[in-house]
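*Asks:* File final.cif follows (mmCIF, C-alpha atoms):
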```cif
data_target
loop_
_atom_site.label_atom_id
_atom_site.label_comp_id
_atom_site.auth_asym_id
_atom_site.auth_seq_id
_atom_site.Cartn_x
_atom_site.Cartn_y
_atom_site.Cartn_z
CA MET A 21 119.98 187.47 73.97
CA THR A 22 116.81 185.96 72.47
CA ARG A 23 116.54 182.22 72.75
CA THR A 24 115.26 180.12 69.85
CA SER A 25 112.88 177.34 70.84
CA THR A 26 112.79 173.97 69.11
CA ASP A 27 111.51 170.47 69.75
CA ILE A 28 114.90 168.81 69.22
CA LEU A 29 118.48 170.00 69.06
CA ILE A 30 120.85 167.43 67.52
CA SER A 31 124.49 167.91 68.44
CA GLY A 32 126.48 166.22 65.67
CA GLY A 33 126.15 166.31 61.89
CA GLY A 34 127.80 163.05 60.94
CA VAL A 35 125.86 160.32 59.16
CA ALA A 36 123.97 159.39 62.34
CA GLY A 37 123.11 162.97 63.27
CA LEU A 38 121.99 163.85 59.74
CA SER A 39 119.85 160.70 59.65
CA ALA A 40 118.22 161.71 62.93
CA ALA A 41 117.57 165.25 61.68
CA ALA A 42 115.90 163.93 58.53
CA ALA A 43 113.87 161.34 60.45
CA PHE A 44 112.54 163.70 63.13
CA GLY A 45 112.02 166.49 60.61
CA THR A 46 110.00 164.24 58.30
CA ALA A 47 107.96 163.12 61.32
CA GLY A 48 106.93 166.75 61.83
CA PHE A 49 109.17 167.84 64.71
CA ASN A 50 111.07 171.12 64.64
CA VAL A 51 114.79 170.30 64.54
CA ILE A 52 118.05 172.22 64.80
CA CYS A 53 121.17 170.21 63.90
CA VAL A 54 124.67 171.59 64.55
CA ASP A 55 128.16 170.33 63.85
CA PRO A 56 131.51 172.11 64.25
CA SER A 57 132.75 170.90 60.86
CA PRO A 58 130.88 171.49 57.59
CA PRO A 59 130.17 168.14 55.90
CA VAL A 60 132.63 167.08 53.20
CA THR A 61 130.50 165.88 50.28
CA SER A 62 133.11 164.99 47.64
CA ASP A 63 135.56 162.09 47.66
CA THR A 64 138.35 164.30 46.31
CA ALA A 65 137.98 167.11 48.88
CA GLU A 66 140.34 167.52 51.79
CA GLY A 67 139.00 165.72 54.84
CA ALA A 68 136.65 163.43 52.91
CA ASP A 69 135.59 160.33 54.84
CA LEU A 70 136.62 157.51 52.49
CA ARG A 71 135.10 154.78 54.61
CA SER A 72 131.87 153.16 53.50
CA THR A 73 128.77 152.18 55.40
CA ALA A 74 126.68 149.08 54.90
CA PHE A 75 123.01 149.57 55.75
CA LEU A 76 121.65 146.18 56.80
CA HIS A 77 118.10 145.63 55.63
CA PRO A 78 116.44 146.09 59.08
CA SER A 79 117.79 149.68 58.97
CA ILE A 80 116.09 150.57 55.70
CA PRO A 81 112.56 151.39 57.02
CA VAL A 82 113.79 154.33 59.12
CA LEU A 83 115.69 155.67 56.09
CA GLN A 84 112.58 155.27 53.92
CA ASP A 85 110.40 157.09 56.45
CA ALA A 86 112.98 159.90 56.59
CA GLY A 87 112.87 160.40 52.83
CA LEU A 88 116.50 159.31 52.56
CA TRP A 89 116.41 155.90 50.95
CA ALA A 90 115.00 157.12 47.64
CA ARG A 91 118.09 159.34 47.39
CA LEU A 92 120.57 156.69 48.54
CA GLU A 93 119.39 153.53 46.79
CA PRO A 94 120.53 154.51 43.26
CA HIS A 95 124.12 154.83 44.55
CA ALA A 96 124.16 151.65 46.65
CA ALA A 97 125.84 148.29 46.03
CA ALA A 98 123.94 145.26 47.33
CA LEU A 99 125.55 142.88 49.83
CA GLN A 100 124.20 139.43 49.04
CA VAL A 101 126.95 137.26 50.54
CA MET A 102 129.18 137.78 53.58
CA ARG A 103 132.29 135.72 52.90
CA ILE A 104 134.87 134.89 55.57
CA ILE A 105 138.25 133.64 54.46
CA ASP A 106 140.78 132.28 56.92
CA ALA A 107 144.31 132.79 55.61
CA GLY A 108 145.96 132.07 58.93
CA GLY A 109 148.09 129.12 57.86
CA ALA A 110 151.85 129.12 57.54
CA VAL A 111 151.46 130.66 54.06
CA ALA A 112 149.29 133.74 53.43
CA GLU A 113 146.71 132.08 51.21
CA PRO A 114 143.08 131.03 51.72
CA ARG A 115 142.78 127.74 53.59
CA LEU A 116 139.11 128.01 54.60
CA THR A 117 136.31 129.94 52.84
CA ARG A 118 132.78 130.13 54.19
CA ASP A 119 129.86 132.03 52.63
CA PHE A 120 126.93 133.38 54.60
CA ASN A 121 124.23 133.94 51.96
CA ALA A 122 121.25 136.20 52.61
CA ALA A 123 119.12 133.90 50.44
CA GLU A 124 118.98 131.49 53.40
CA LEU A 125 116.94 134.09 55.30
CA SER A 126 114.86 136.04 52.76
CA ASP A 127 114.66 137.45 49.25
CA LEU A 128 116.52 140.57 50.40
CA PRO A 129 120.29 141.02 50.48
CA PHE A 130 121.97 141.52 53.85
CA GLY A 131 122.22 145.21 53.06
CA TRP A 132 123.55 147.90 50.76
CA ASN A 133 126.91 149.69 50.84
CA LEU A 134 127.58 153.39 50.16
CA PRO A 135 130.60 155.69 50.58
CA ASN A 136 130.36 157.93 53.65
CA TRP A 137 131.10 161.14 51.75
CA LEU A 138 128.17 160.39 49.41
CA LEU A 139 125.87 159.70 52.35
CA ARG A 140 126.60 163.16 53.70
CA ARG A 141 125.94 164.75 50.31
CA GLU A 142 122.53 163.15 49.91
CA MET A 143 121.52 163.64 53.54
CA VAL A 144 122.36 167.34 53.50
CA ALA A 145 120.30 167.67 50.31
CA ARG A 146 117.36 166.00 52.05
CA LEU A 147 117.56 168.38 55.02
CA ALA A 148 117.36 171.32 52.60
CA GLU A 149 113.92 170.04 51.52
CA LEU A 150 112.54 170.16 55.09
CA PRO A 151 111.38 173.63 56.22
CA ASN A 152 111.22 172.55 59.87
CA VAL A 153 114.90 171.43 59.95
CA ASP A 154 117.59 174.05 60.53
CA PHE A 155 121.02 172.59 59.73
CA ARG A 156 123.89 174.75 60.99
CA PRO A 157 127.27 173.41 59.80
CA GLY A 158 130.34 175.03 61.30
CA VAL A 159 128.57 175.58 64.65
CA ALA A 160 129.34 173.58 67.80
CA THR A 161 127.56 172.91 71.06
CA SER A 162 129.55 174.92 73.62
CA ARG A 163 127.44 174.65 76.78
CA LEU A 164 124.52 172.53 77.96
CA MET A 165 122.27 173.12 80.96
CA THR A 166 119.23 171.01 81.68
CA ARG A 167 116.23 171.22 83.95
CA GLU A 168 113.12 169.11 84.32
CA SER A 169 111.14 170.96 81.64
CA GLU A 170 113.78 171.74 78.97
CA ALA A 171 117.42 171.87 77.92
CA LEU A 172 119.25 175.16 77.37
CA VAL A 173 122.06 175.01 74.82
CA ALA A 174 124.64 177.67 74.02
CA LEU A 175 126.23 177.42 70.59
CA SER A 176 129.69 178.47 69.47
CA ASP A 177 128.29 181.31 67.34
CA GLY A 178 126.61 182.89 70.39
CA ALA A 179 123.14 181.56 69.69
CA GLN A 180 121.09 180.15 72.56
CA ILE A 181 118.59 177.33 72.04
CA ARG A 182 115.74 176.13 74.24
CA ALA A 183 114.98 172.48 73.35
CA ARG A 184 112.52 169.93 74.64
CA MET A 185 115.11 167.23 73.90
CA VAL A 186 118.79 167.21 72.96
CA ILE A 187 120.20 164.28 71.00
CA GLY A 188 123.92 163.76 71.46
CA ALA A 189 125.17 162.30 68.18
CA ASP A 190 128.51 164.05 68.54
CA GLY A 191 131.01 161.23 68.48
CA ARG A 192 133.11 159.15 70.83
CA ASP A 193 134.28 162.27 72.73
CA SER A 194 130.72 163.60 72.91
CA PRO A 195 130.45 167.07 74.51
CA VAL A 196 126.82 166.29 75.37
CA ARG A 197 127.77 163.09 77.20
CA GLN A 198 130.54 164.90 79.05
CA ALA A 199 128.18 167.72 80.07
CA LEU A 200 125.80 165.13 81.50
CA GLY A 201 128.63 163.48 83.45
CA ILE A 202 127.92 160.03 81.98
CA PRO A 203 131.05 157.85 82.18
CA VAL A 204 132.22 155.43 79.49
CA ARG A 205 134.12 152.15 79.48
CA THR A 206 136.76 151.99 76.74
CA LEU A 207 138.53 148.92 75.34
CA ARG A 208 141.75 149.53 73.40
CA TYR A 209 143.37 147.10 70.98
CA GLY A 210 146.51 148.90 69.79
CA GLN A 211 144.94 148.77 66.31
CA LYS A 212 144.29 151.25 63.56
CA ALA A 213 142.39 150.89 60.30
CA LEU A 214 143.36 151.98 56.82
CA ALA A 215 140.32 152.94 54.74
CA PHE A 216 140.48 153.41 50.98
CA ALA A 217 138.91 152.36 47.68
CA VAL A 218 140.29 149.99 45.04
CA SER A 219 139.42 148.87 41.54
CA HIS A 220 139.93 145.29 40.39
CA PRO A 221 139.41 143.13 37.28
CA VAL A 222 137.31 140.40 38.94
CA PRO A 223 133.68 141.44 39.67
CA HIS A 224 132.81 141.36 43.36
CA ASP A 225 129.38 139.84 42.58
CA ASN A 226 127.90 141.64 45.61
CA VAL A 227 130.07 139.62 47.98
CA SER A 228 131.55 141.34 51.03
CA THR A 229 134.73 139.52 52.09
CA GLU A 230 136.64 139.48 55.37
CA ILE A 231 140.10 137.91 55.12
CA HIS A 232 141.56 136.89 58.48
CA ARG A 233 145.22 136.25 59.16
CA SER A 234 146.61 138.30 62.07
CA GLY A 235 146.42 141.86 63.34
CA GLY A 236 142.78 142.25 62.25
CA PRO A 237 140.61 141.59 59.21
CA PHE A 238 141.20 142.83 55.67
CA THR A 239 137.69 143.60 54.45
CA LEU A 240 136.54 144.21 50.86
CA VAL A 241 133.04 145.68 50.58
CA PRO A 242 131.30 146.12 47.20
CA LEU A 243 130.97 149.58 45.69
CA PRO A 244 129.16 150.46 42.45
CA ASP A 245 131.30 150.15 39.32
CA ARG A 246 133.00 153.28 38.01
CA GLU A 247 133.79 153.63 34.29
CA SER A 248 132.89 149.94 33.86
CA LYS A 249 135.51 148.90 36.45
CA PRO A 250 134.48 146.88 39.51
CA ARG A 251 135.32 148.71 42.74
CA SER A 252 135.38 147.90 46.44
CA ALA A 253 135.88 149.77 49.68
CA VAL A 254 138.67 148.37 51.84
CA VAL A 255 139.14 148.48 55.60
CA TRP A 256 142.52 147.02 56.58
CA MET A 257 142.99 146.65 60.33
CA ASP A 258 146.35 145.98 61.95
CA THR A 259 148.54 147.13 64.82
CA GLY A 260 149.37 150.82 65.02
CA PRO A 261 153.05 150.37 64.00
CA ALA A 262 152.08 148.10 61.08
CA VAL A 263 149.57 150.64 59.76
CA ALA A 264 152.10 153.48 60.11
CA ARG A 265 154.59 151.47 58.05
CA LEU A 266 152.02 150.73 55.36
CA GLN A 267 150.90 154.33 55.18
CA ALA A 268 154.47 155.48 54.56
CA LEU A 269 155.06 153.16 51.58
CA ALA A 270 155.26 154.34 47.98
CA VAL A 271 152.12 153.49 46.01
CA ALA A 272 153.70 150.58 44.11
CA ASP A 273 155.03 149.05 47.33
CA PHE A 274 151.72 149.57 49.11
CA GLU A 275 149.82 147.90 46.27
CA ALA A 276 152.19 144.92 46.41
CA GLU A 277 151.52 144.41 50.13
CA MET A 278 147.80 145.07 49.67
CA ASN A 279 147.59 142.39 46.98
CA ALA A 280 149.45 139.88 49.10
CA ARG A 281 147.11 140.57 52.05
CA SER A 282 144.02 140.26 49.82
CA CYS A 283 145.19 136.81 48.66
CA HIS A 284 144.46 138.02 45.10
CA ILE A 285 140.82 136.96 45.39
CA LEU A 286 139.64 139.79 43.09
CA GLY A 287 142.74 139.86 40.92
CA PRO A 288 145.26 142.70 41.12
CA LEU A 289 143.91 145.52 43.28
CA THR A 290 144.66 149.08 42.16
CA LEU A 291 144.53 151.89 44.70
CA ASP A 292 141.68 154.20 43.68
CA SER A 293 141.73 156.81 46.43
CA ARG A 294 143.99 158.29 49.04
CA LEU A 295 144.53 156.47 52.35
CA THR A 296 142.82 157.50 55.56
CA VAL A 297 143.65 156.14 59.01
CA TRP A 298 141.21 155.60 61.89
CA PRO A 299 141.87 154.46 65.49
CA ILE A 300 140.10 151.27 66.61
CA ILE A 301 138.47 151.09 70.03
CA ALA A 302 135.32 149.71 71.63
CA GLN A 303 133.43 151.99 73.98
CA ILE A 304 130.10 152.05 75.78
CA ALA A 305 128.42 154.73 77.87
CA SER A 306 127.04 153.67 81.24
CA ARG A 307 123.69 155.23 80.32
CA MET A 308 122.02 156.10 77.02
CA ALA A 309 120.21 159.15 78.41
CA GLY A 310 120.29 161.94 80.99
CA GLU A 311 117.97 164.79 81.90
CA ARG A 312 116.30 166.01 78.66
CA CYS A 313 119.06 164.33 76.61
CA ALA A 314 119.45 161.10 74.64
CA LEU A 315 122.76 159.66 73.47
CA MET A 316 122.98 157.77 70.20
CA ALA A 317 125.61 156.47 67.79
CA GLU A 318 129.25 156.88 68.85
CA ALA A 319 128.28 159.16 71.73
CA ALA A 320 126.76 156.01 73.26
CA HIS A 321 128.72 153.13 71.71
CA VAL A 322 131.75 152.54 69.51
CA VAL A 323 132.70 149.20 67.97
CA PRO A 324 135.44 147.98 65.62
CA PRO A 325 134.33 147.86 61.94
CA ILE A 326 133.41 144.18 61.88
CA GLY A 327 130.17 142.79 60.47
CA ALA A 328 128.75 146.20 59.44
CA GLN A 329 127.46 146.82 62.97
CA GLY A 330 128.40 150.41 63.83
CA LEU A 331 125.91 152.63 62.00
CA ASN A 332 123.21 149.96 62.08
CA MET A 333 123.37 150.07 65.89
CA SER A 334 123.01 153.85 65.57
CA LEU A 335 119.93 153.53 63.37
CA ALA A 336 118.46 151.07 65.88
CA ASP A 337 118.92 153.83 68.49
CA LEU A 338 117.15 156.26 66.16
CA THR A 339 114.29 153.84 65.48
CA VAL A 340 113.53 153.44 69.20
CA LEU A 341 113.78 157.20 69.89
CA LEU A 342 111.53 158.01 66.95
CA ASP A 343 108.94 155.38 67.90
CA LEU A 344 108.78 156.76 71.45
CA ALA A 345 108.46 160.35 70.18
CA ARG A 346 105.69 159.45 67.73
CA ALA A 347 103.79 157.49 70.38
CA ALA A 348 103.70 160.47 72.75
CA PRO A 349 104.79 163.67 70.98
CA ASP A 350 103.76 165.85 73.94
CA ASP A 351 106.04 163.78 76.18
CA ILE A 352 109.20 164.16 74.09
CA GLY A 353 112.33 164.54 76.20
CA SER A 354 110.58 163.65 79.44
CA ALA A 355 112.22 161.44 82.07
CA ARG A 356 109.66 158.73 81.30
CA MET A 357 110.47 158.71 77.58
CA LEU A 358 114.24 158.78 78.07
CA ASP A 359 114.18 156.06 80.74
CA ALA A 360 112.22 153.90 78.30
CA TYR A 361 114.81 154.60 75.60
CA HIS A 362 117.67 153.57 77.89
CA ARG A 363 115.89 150.35 78.93
CA LYS A 364 115.06 149.37 75.36
CA ARG A 365 118.55 149.93 73.97
CA HIS A 366 121.26 149.59 76.61
CA TRP A 367 121.14 145.85 77.22
CA GLU A 368 121.27 145.07 73.51
CA VAL A 369 124.09 147.56 72.98
CA GLN A 370 126.10 145.97 75.80
CA ALA A 371 125.65 142.51 74.31
CA ARG A 372 126.62 143.64 70.82
CA VAL A 373 129.72 145.53 71.97
CA SER A 374 130.84 142.45 73.91
CA GLY A 375 130.28 140.17 70.92
CA ILE A 376 132.16 142.41 68.48
CA ASP A 377 134.99 142.80 70.99
CA ALA A 378 135.36 139.00 71.08
CA LEU A 379 135.31 138.76 67.27
CA ASN A 380 137.95 141.46 66.93
CA ARG A 381 140.26 139.81 69.45
CA ALA A 382 139.89 136.53 67.54
CA SER A 383 140.78 138.31 64.28
CA MET A 384 143.98 139.68 65.84
CA MET A 385 145.43 136.28 66.79
CA GLY A 386 149.05 135.99 65.73
CA ALA A 387 150.26 132.68 67.19
CA GLN A 388 149.80 129.78 64.78
CA PRO A 389 147.98 127.46 67.24
CA LEU A 390 145.45 130.23 67.99
CA ARG A 391 144.91 130.93 64.30
CA ASP A 392 144.29 127.21 63.79
CA LEU A 393 141.77 127.26 66.65
CA ARG A 394 139.99 130.22 65.05
CA ALA A 395 139.66 128.36 61.74
CA THR A 396 138.34 125.26 63.50
CA ALA A 397 135.72 127.32 65.35
CA LEU A 398 134.60 129.07 62.15
CA ASN A 399 134.22 125.75 60.35
CA ALA A 400 132.23 124.23 63.22
CA LEU A 401 129.85 127.18 63.49
CA TYR A 402 129.30 127.33 59.74
CA SER A 403 128.75 123.60 59.26
CA ALA A 404 125.61 123.48 61.42
CA ALA A 405 122.89 125.10 59.27
CA PRO A 406 120.64 126.12 62.21
CA VAL A 407 123.60 127.75 63.97
CA ARG A 408 124.62 129.47 60.74
CA ARG A 409 121.15 130.97 60.32
CA VAL A 410 121.06 132.11 63.96
CA LEU A 411 124.41 133.85 63.49
CA MET A 412 123.17 135.61 60.35
CA LYS A 413 119.99 136.76 62.08
CA ALA A 414 122.01 138.00 65.04
CA GLY A 415 124.27 139.97 62.73
CA LEU A 416 121.24 141.63 61.16
CA GLY A 417 119.72 142.37 64.54
CA LEU A 418 116.75 140.08 63.87
CA ARG A 419 115.18 137.96 66.57
#
```
Just dump the structure as structure tokens.
*Replies:*
Amino acid sequence: MTRTSTDILISGGGVAGLSAAAAFGTAGFNVICVDPSPPVTSDTAEGADLRSTAFLHPSIPVLQDAGLWARLEPHAAALQVMRIIDAGGAVAEPRLTRDFNAAELSDLPFGWNLPNWLLRREMVARLAELPNVDFRPGVATSRLMTRESEALVALSDGAQIRARMVIGADGRDSPVRQALGIPVRTLRYGQKALAFAVSHPVPHDNVSTEIHRSGGPFTLVPLPDRESKPRSAVVWMDTGPAVARLQALAVADFEAEMNARSCHILGPLTLDSRLTVWPIIAQIASRMAGERCALMAEAAHVVPPIGAQGLNMSLADLTVLLDLARAAPDDIGSARMLDAYHRKRHWEVQARVSGIDALNRASMMGAQPLRDLRATALNALYSAAPVRRVLMKAGLGLR
């Protein structure tokens, strides 16, 4: 069978893989992107990803260079304030509220939030504009062989690809990572997350709010208004049994519990989508690269959805890979380039996974003395302005 040659084969057509395809395609590289599942690009379609993604402002340049941000910005809701509410007292009501305001750092908001299904819609449309990008939805990577000069990839439709570099952006169970024999370390919490959208009478005012009590945070992230109604995306983390119980409730009963957990900060919340459930783990690969292959996004690292870190870590991976490829396009996929990628990213990824793991464990605290300790620590960290600014810069990935 004839083999098709390309500069880059991207295994994985989620938000990270589509971003990489657009970025490398816009930079002039020939790209093939495959994913076993066609992207769901409507919020009402079966299988739609109802989570949302916050792009922190350091991630925007790579989206601009890829021709994506002009498509995404009109649909985005700004995140000006990150608000943390501790409701861990004896009664489920706010007892400590602290605002981290982007105005302390710059004129820009922390970031912008968009629904994941909409991201896929706009990213697929961008790929269609690029003649050097071949997007193949419904096609999986079935076999990977590498040698010093190239990678040979067999696809599920029988096609064979010769690539100078393979990018594994194919999720936490990455076939590319497994083919390379790269082990992972996984941390489990016994948690799951409910993701859904709500409408509410009180405007969110571009404030993203995490409410902490026990089991995990209840997070409200701004979405654009719909039919003049303020809307937010919700991620509600709790233990697996607690989430299963919530998911089984009738809508009226679910809304009652949702409103109690939200402490009514935006008025009565009305469920505005179906519920989706996602397992919560932390995971990190022992290496970010192998022969002729780079790992990025959840193939390399998985974190709980706290502080809008997940996809922004993925776009930091993409930024480093793209910079290395642009600096030496004839060297793409070489051992020298991929070793440099691993060195530049792995230490920072390890540190960020460890930090988010600690934050998630703190958010899960159930015993009253530990919840009191968490509130005391939050207040102490917030009260020192230099520490507060350092924490905000760290969250954005700024030095």
*Asks:* Residues at most 6 Å from Ala189 in chain A, counting only C-alpha atoms, excluding those fewer than 6 positions away in the same chain, as a ChimeraX atom specification?
*Replies:* /A:31-32,37,316-317,319
*Asks:* Which residues are close to Gly310 in chain A, i.e. within 9 Å by only C-alpha atoms, leaving aside same-chain residues fewer than 6 positions away? Reply as a PyMOL selection string.
*Replies:* chain A and resi 197+200-202+355+358-359
*Asks:* Let me make sure I understand: among A:Leu416, A:Ala199, A:Ala320, A:Ile285, which one has the smallest atom-to-atom distance to Ile304 in chain A if we use only C-alpha atoms?
*Replies:*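 Residue with the minimum atom-to-atom distance to Ile304 in chain A: A:Ala320.
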*Asks:* Step by step, work through what the PyMOL selection byres ((chain A and resi 370) around 10) selects in the shown file, and finish by giving those residues as a VMD selection string.
*Replies:* chain A and resid 303 to 306 321 365 to 369 371 to 375
*Asks:* Using all atoms listed in the file, give me every residue within 8 Å of (127.0, 180.9, 64.2) in file coordinates, as an MDAnalysis selection string.
*Replies:* chainID A and resid 156 158:159 175:179
*Asks:* Could you write out as an mmCIF file with C-alpha atoms, keeping the file's coordinate frame the residues that the PyMOL selection byres ((chain A and resi 82-92) around 7) matches in the shown file?
*Replies:*
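Okay, expr-v9.cif is ready:
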```cif
data_model
loop_
_atom_site.group_PDB
_atom_site.id
_atom_site.type_symbol
_atom_site.label_atom_id
_atom_site.label_comp_id
_atom_site.auth_asym_id
_atom_site.auth_seq_id
_atom_site.Cartn_x
_atom_site.Cartn_y
_atom_site.Cartn_z
ATOM 1 C CA ALA A 42 115.900 163.930 58.530
ATOM 2 C CA ALA A 43 113.870 161.340 60.450
ATOM 3 C CA THR A 46 110.000 164.240 58.300
ATOM 4 C CA SER A 79 117.790 149.680 58.970
ATOM 5 C CA ILE A 80 116.090 150.570 55.700
ATOM 6 C CA PRO A 81 112.560 151.390 57.020
ATOM 7 C CA GLU A 93 119.390 153.530 46.790
ATOM 8 C CA PRO A 94 120.530 154.510 43.260
ATOM 9 C CA HIS A 95 124.120 154.830 44.550
ATOM 10 C CA ALA A 96 124.160 151.650 46.650
ATOM 11 C CA GLU A 142 122.530 163.150 49.910
ATOM 12 C CA MET A 143 121.520 163.640 53.540
ATOM 13 C CA ARG A 146 117.360 166.000 52.050
ATOM 14 C CA THR A 339 114.290 153.840 65.480
#
```
*Asks:* Which one of A:Arg163, A:Thr206, A:Glu318, A:Val218 sits closest to Asn332 in chain A if you count all atoms listed in the file?
*Replies:*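 Of all the options, A:Glu318 lies closest to Asn332 in chain A.
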*Asks:* Could you write range 156-176 of chain A as a PDB file, in the frame of the given file, with N, CA and C atoms rebuilt where they are missing?
*Replies:*
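Here's the written file rebuild.pdb:
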```
ATOM      1  N   ARG A 156     122.906 173.686  60.784  1.00  0.00           N
ATOM      2  CA  ARG A 156     123.890 174.750  60.990  1.00  0.00           C
ATOM      3  C   ARG A 156     125.308 174.166  61.005  1.00  0.00           C
ATOM      4  N   PRO A 157     125.892 173.913  59.839  1.00  0.00           N
ATOM      5  CA  PRO A 157     127.270 173.410  59.800  1.00  0.00           C
ATOM      6  C   PRO A 157     128.240 174.505  60.218  1.00  0.00           C
ATOM      7  N   GLY A 158     129.350 174.080  60.827  1.00  0.00           N
ATOM      8  CA  GLY A 158     130.340 175.030  61.300  1.00  0.00           C
ATOM      9  C   GLY A 158     130.013 175.623  62.661  1.00  0.00           C
ATOM     10  N   VAL A 159     129.003 175.094  63.342  1.00  0.00           N
ATOM     11  CA  VAL A 159     128.570 175.580  64.650  1.00  0.00           C
ATOM     12  C   VAL A 159     128.606 174.413  65.639  1.00  0.00           C
ATOM     13  N   ALA A 160     129.202 174.637  66.807  1.00  0.00           N
ATOM     14  CA  ALA A 160     129.340 173.580  67.800  1.00  0.00           C
ATOM     15  C   ALA A 160     128.469 173.842  69.019  1.00  0.00           C
ATOM     16  N   THR A 161     128.179 172.784  69.749  1.00  0.00           N
ATOM     17  CA  THR A 161     127.560 172.910  71.060  1.00  0.00           C
ATOM     18  C   THR A 161     128.647 173.307  72.054  1.00  0.00           C
ATOM     19  N   SER A 162     128.502 174.466  72.701  1.00  0.00           N
ATOM     20  CA  SER A 162     129.550 174.920  73.620  1.00  0.00           C
ATOM     21  C   SER A 162     129.155 174.795  75.085  1.00  0.00           C
ATOM     22  N   ARG A 163     127.859 174.800  75.381  1.00  0.00           N
ATOM     23  CA  ARG A 163     127.440 174.650  76.780  1.00  0.00           C
ATOM     24  C   ARG A 163     126.035 174.066  76.827  1.00  0.00           C
ATOM     25  N   LEU A 164     125.811 173.189  77.799  1.00  0.00           N
ATOM     26  CA  LEU A 164     124.520 172.530  77.960  1.00  0.00           C
ATOM     27  C   LEU A 164     124.089 172.623  79.410  1.00  0.00           C
ATOM     28  N   MET A 165     122.885 173.117  79.628  1.00  0.00           N
ATOM     29  CA  MET A 165     122.270 173.120  80.960  1.00  0.00           C
ATOM     30  C   MET A 165     120.882 172.491  80.816  1.00  0.00           C
ATOM     31  N   THR A 166     120.530 171.661  81.766  1.00  0.00           N
ATOM     32  CA  THR A 166     119.230 171.010  81.680  1.00  0.00           C
ATOM     33  C   THR A 166     118.438 171.257  82.963  1.00  0.00           C
ATOM     34  N   ARG A 167     117.134 171.228  82.804  1.00  0.00           N
ATOM     35  CA  ARG A 167     116.230 171.220  83.950  1.00  0.00           C
ATOM     36  C   ARG A 167     115.067 170.308  83.592  1.00  0.00           C
ATOM     37  N   GLU A 168     114.154 170.118  84.513  1.00  0.00           N
ATOM     38  CA  GLU A 168     113.120 169.110  84.320  1.00  0.00           C
ATOM     39  C   GLU A 168     112.288 169.359  83.065  1.00  0.00           C
ATOM     40  N   SER A 169     112.075 170.631  82.719  1.00  0.00           N
ATOM     41  CA  SER A 169     111.140 170.960  81.640  1.00  0.00           C
ATOM     42  C   SER A 169     111.798 171.169  80.288  1.00  0.00           C
ATOM     43  N   GLU A 170     113.143 171.423  80.251  1.00  0.00           N
ATOM     44  CA  GLU A 170     113.780 171.740  78.970  1.00  0.00           C
ATOM     45  C   GLU A 170     115.296 171.692  79.117  1.00  0.00           C
ATOM     46  N   ALA A 171     115.973 171.743  77.962  1.00  0.00           N
ATOM     47  CA  ALA A 171     117.420 171.870  77.920  1.00  0.00           C
ATOM     48  C   ALA A 171     117.763 173.232  77.320  1.00  0.00           C
ATOM     49  N   LEU A 172     118.773 173.876  77.865  1.00  0.00           N
ATOM     50  CA  LEU A 172     119.250 175.160  77.370  1.00  0.00           C
ATOM     51  C   LEU A 172     120.642 174.954  76.799  1.00  0.00           C
ATOM     52  N   VAL A 173     120.815 175.293  75.531  1.00  0.00           N
ATOM     53  CA  VAL A 173     122.060 175.010  74.820  1.00  0.00           C
ATOM     54  C   VAL A 173     122.643 176.306  74.284  1.00  0.00           C
ATOM     55  N   ALA A 174     123.912 176.547  74.600  1.00  0.00           N
ATOM     56  CA  ALA A 174     124.640 177.670  74.020  1.00  0.00           C
ATOM     57  C   ALA A 174     125.508 177.143  72.890  1.00  0.00           C
ATOM     58  N   LEU A 175     125.475 177.829  71.757  1.00  0.00           N
ATOM     59  CA  LEU A 175     126.230 177.420  70.590  1.00  0.00           C
ATOM     60  C   LEU A 175     127.469 178.294  70.412  1.00  0.00           C
ATOM     61  N   SER A 176     128.410 177.778  69.636  1.00  0.00           N
ATOM     62  CA  SER A 176     129.690 178.470  69.470  1.00  0.00           C
ATOM     63  C   SER A 176     129.566 179.809  68.749  1.00  0.00           C
TER      64      SER A 176
END
```
